Amino acid sequence: MPETYLVFDGDCGFCTWSVNVAKRWIRPNTTIVPWQRADLAALGLTAEQCQLAVQWITENGEVRAGGRAVAALLQHSPNPWPLLGTLANVPGIAQLVDALYRLVAANRYRLPGSTPACRLPVAS
């Protein structure tokens with residue numbers, strides 16, 4: 001697999017809004033695709049993984065989910081974002097980023113742009 005991918009929930013309005021903000025302001029150097037339109041088998045993912053959290057797939061096929069996926073996205077973006085991505089992986093801060101991701105994911109149906117699909121189960 002020659003490039004990196006961010007796979008998100010394209011049925012969730014909040015997730016789609018978040019990805020569009022990232023594309024506009026962060027400008028990550030990655031392919032961003034809704035899991036509903038992705039070749040999950042080729043990416044080494046399942047629908048269940050994608051329903052639980054955003055997924056990051058490296059050039060080597062390594063998968064990171066949730067807060068780790070967001071950190072990877074930042075690291076694969078123009079300055080100053082890689083610094084924030086690196087900080088998001090520092091022990092202690094990484095756990096805080098993961099907890100924040102889980103909090104937002106668990107409440108995404110309450111956030112602007114949400115749809116009924118935003119009530120899908122999230123990782124705990």
# chains A, B, ... in the order shown; residues from 1 in each chain; ligands from 1

call {"tool": "residues_around", "arguments": {"residues": "A:Thr58", "least_positions_apart": "3", "cutoff": "8 Å", "atoms": "only C-alpha atoms", "output": "ChimeraX atom specification"}}
result
/A:3-5,61-63

call {"tool": "residues_around", "arguments": {"residues": "A:Arg27", "least_positions_apart": "3", "cutoff": "8 Å", "atoms": "only C-alpha atoms", "output": "PyMOL selection string"}}
result
chain A and resi 22-24+77-78

call {"tool": "write_last_selection", "arguments": {"atoms": "N, CA, C and O atoms", "output": "tab-separated table (two decimals), in the first residue's frame"}}
result
chain	number	residue	atom	x	y	z
A	22	ALA	N	-10.71	19.41	8.69
A	22	ALA	CA	-9.31	18.96	8.61
A	22	ALA	C	-8.75	19.19	7.20
A	22	ALA	O	-7.62	19.66	7.05
A	23	LYS	N	-9.53	18.86	6.19
A	23	LYS	CA	-9.06	19.06	4.81
A	23	LYS	C	-8.78	20.53	4.54
A	23	LYS	O	-7.80	20.87	3.87
A	24	ARG	N	-9.64	21.40	5.05
A	24	ARG	CA	-9.49	22.83	4.76
A	24	ARG	C	-8.39	23.49	5.58
A	24	ARG	O	-7.60	24.27	5.04
A	77	SER	N	0.74	16.10	8.18
A	77	SER	CA	0.20	17.37	7.69
A	77	SER	C	1.31	18.41	7.69
A	77	SER	O	2.35	18.21	8.31
A	78	PRO	N	1.09	19.52	6.97
A	78	PRO	CA	2.11	20.57	6.96
A	78	PRO	C	2.26	21.23	8.34
A	78	PRO	O	1.37	21.12	9.18

call {"tool": "closest_residue", "arguments": {"among": "A:Gln55, A:Arg119, A:Ser114, A:Arg37", "to": "A:Trp17", "atoms": "only C-alpha atoms"}}
result
A:Ser114

call {"tool": "closest_residue", "arguments": {"among": "A:Ala72, A:Leu83, A:Val19, A:Val7", "to": "A:Gln49", "atoms": "only C-alpha atoms"}}
result
A:Val7

call {"tool": "closest_residue", "arguments": {"among": "A:Cys15, A:Ala69, A:Ile57, A:Leu52", "to": "A:Asp98", "atoms": "only C-alpha atoms"}}
result
A:Ala69

call {"tool": "residues_around", "arguments": {"residues": "A:Ala42", "least_positions_apart": "2", "cutoff": "12 Å", "atoms": "only C-alpha atoms", "output": "list in words"}}
result
Met1, Tyr5, Trp35, Ala38, Asp39, Leu40, Gly44, Leu45, Thr46, Ile57 and Gly61 of chain A

call {"tool": "select_by_dssp", "arguments": {"residues": "chain A", "states": "strand (DSSP E)", "output": "PyMOL selection string"}}
result
chain A and resi 5-8+31-34+55-57+63-65

call {"tool": "write_last_selection", "arguments": {"atoms": "C-alpha atoms", "output": "short mmCIF file (atom, residue, chain, number, x, y, z; two decimals), in the first residue's frame"}}
result
data_model
loop_
_atom_site.label_atom_id
_atom_site.label_comp_id
_atom_site.auth_asym_id
_atom_site.auth_seq_id
_atom_site.Cartn_x
_atom_site.Cartn_y
_atom_site.Cartn_z
CA TYR A 5 -5.41 6.49 4.62
CA LEU A 6 -7.82 7.99 7.11
CA VAL A 7 -11.08 6.05 7.10
CA PHE A 8 -14.05 7.72 8.78
CA THR A 31 -6.18 9.84 1.38
CA ILE A 32 -9.38 10.43 3.36
CA VAL A 33 -12.28 8.13 2.59
CA PRO A 34 -15.58 7.18 4.24
CA GLN A 55 -8.99 4.45 11.40
CA TRP A 56 -5.50 5.38 10.17
CA ILE A 57 -3.64 2.98 7.91
CA VAL A 63 -3.68 0.41 11.77
CA ARG A 64 -4.23 3.08 14.42
CA ALA A 65 -7.66 4.00 15.72
#

call {"tool": "closest_residue", "arguments": {"among": "A:Cys50, A:Arg108, A:Gly113, A:Asp11", "to": "A:Gly66", "atoms": "only C-alpha atoms"}}
result
A:Cys50

call {"tool": "residues_around", "arguments": {"residues": "A:Ala71", "least_positions_apart": "2", "cutoff": "8 Å", "atoms": "only C-alpha atoms", "output": "list in words"}}
result
Gly67, Arg68, Ala69, Leu73, Leu74, Gln75, Leu84, Gly85, Thr86, Ala88 and Asn89 of chain A

call {"tool": "atom_distance", "arguments": {"atom1": "atom CA of A:Asp9", "atom2": "atom CA of A:Pro112"}}
result
15.3 Å

call {"tool": "select_by_dssp", "arguments": {"residues": "stretch 23-77 of chain A", "states": "alpha helix (DSSP H)", "output": "list of chain:residue names"}}
result
A:Leu40, A:Ala41, A:Ala42, A:Leu43, A:Ala47, A:Glu48, A:Gln49, A:Cys50, A:Gln51, A:Leu52, A:Gly67, A:Arg68, A:Ala69, A:Val70, A:Ala71, A:Ala72, A:Leu73, A:Leu74, A:Gln75

call {"tool": "closest_residue", "arguments": {"among": "A:Val54, A:Ala41, A:Thr16, A:His76", "to": "A:Tyr101", "atoms": "only C-alpha atoms"}}
result
A:Val54

call {"tool": "atom_distance", "arguments": {"atom1": "atom CA of A:Val97", "atom2": "atom CA of A:Val70"}}
result
8.9 Å
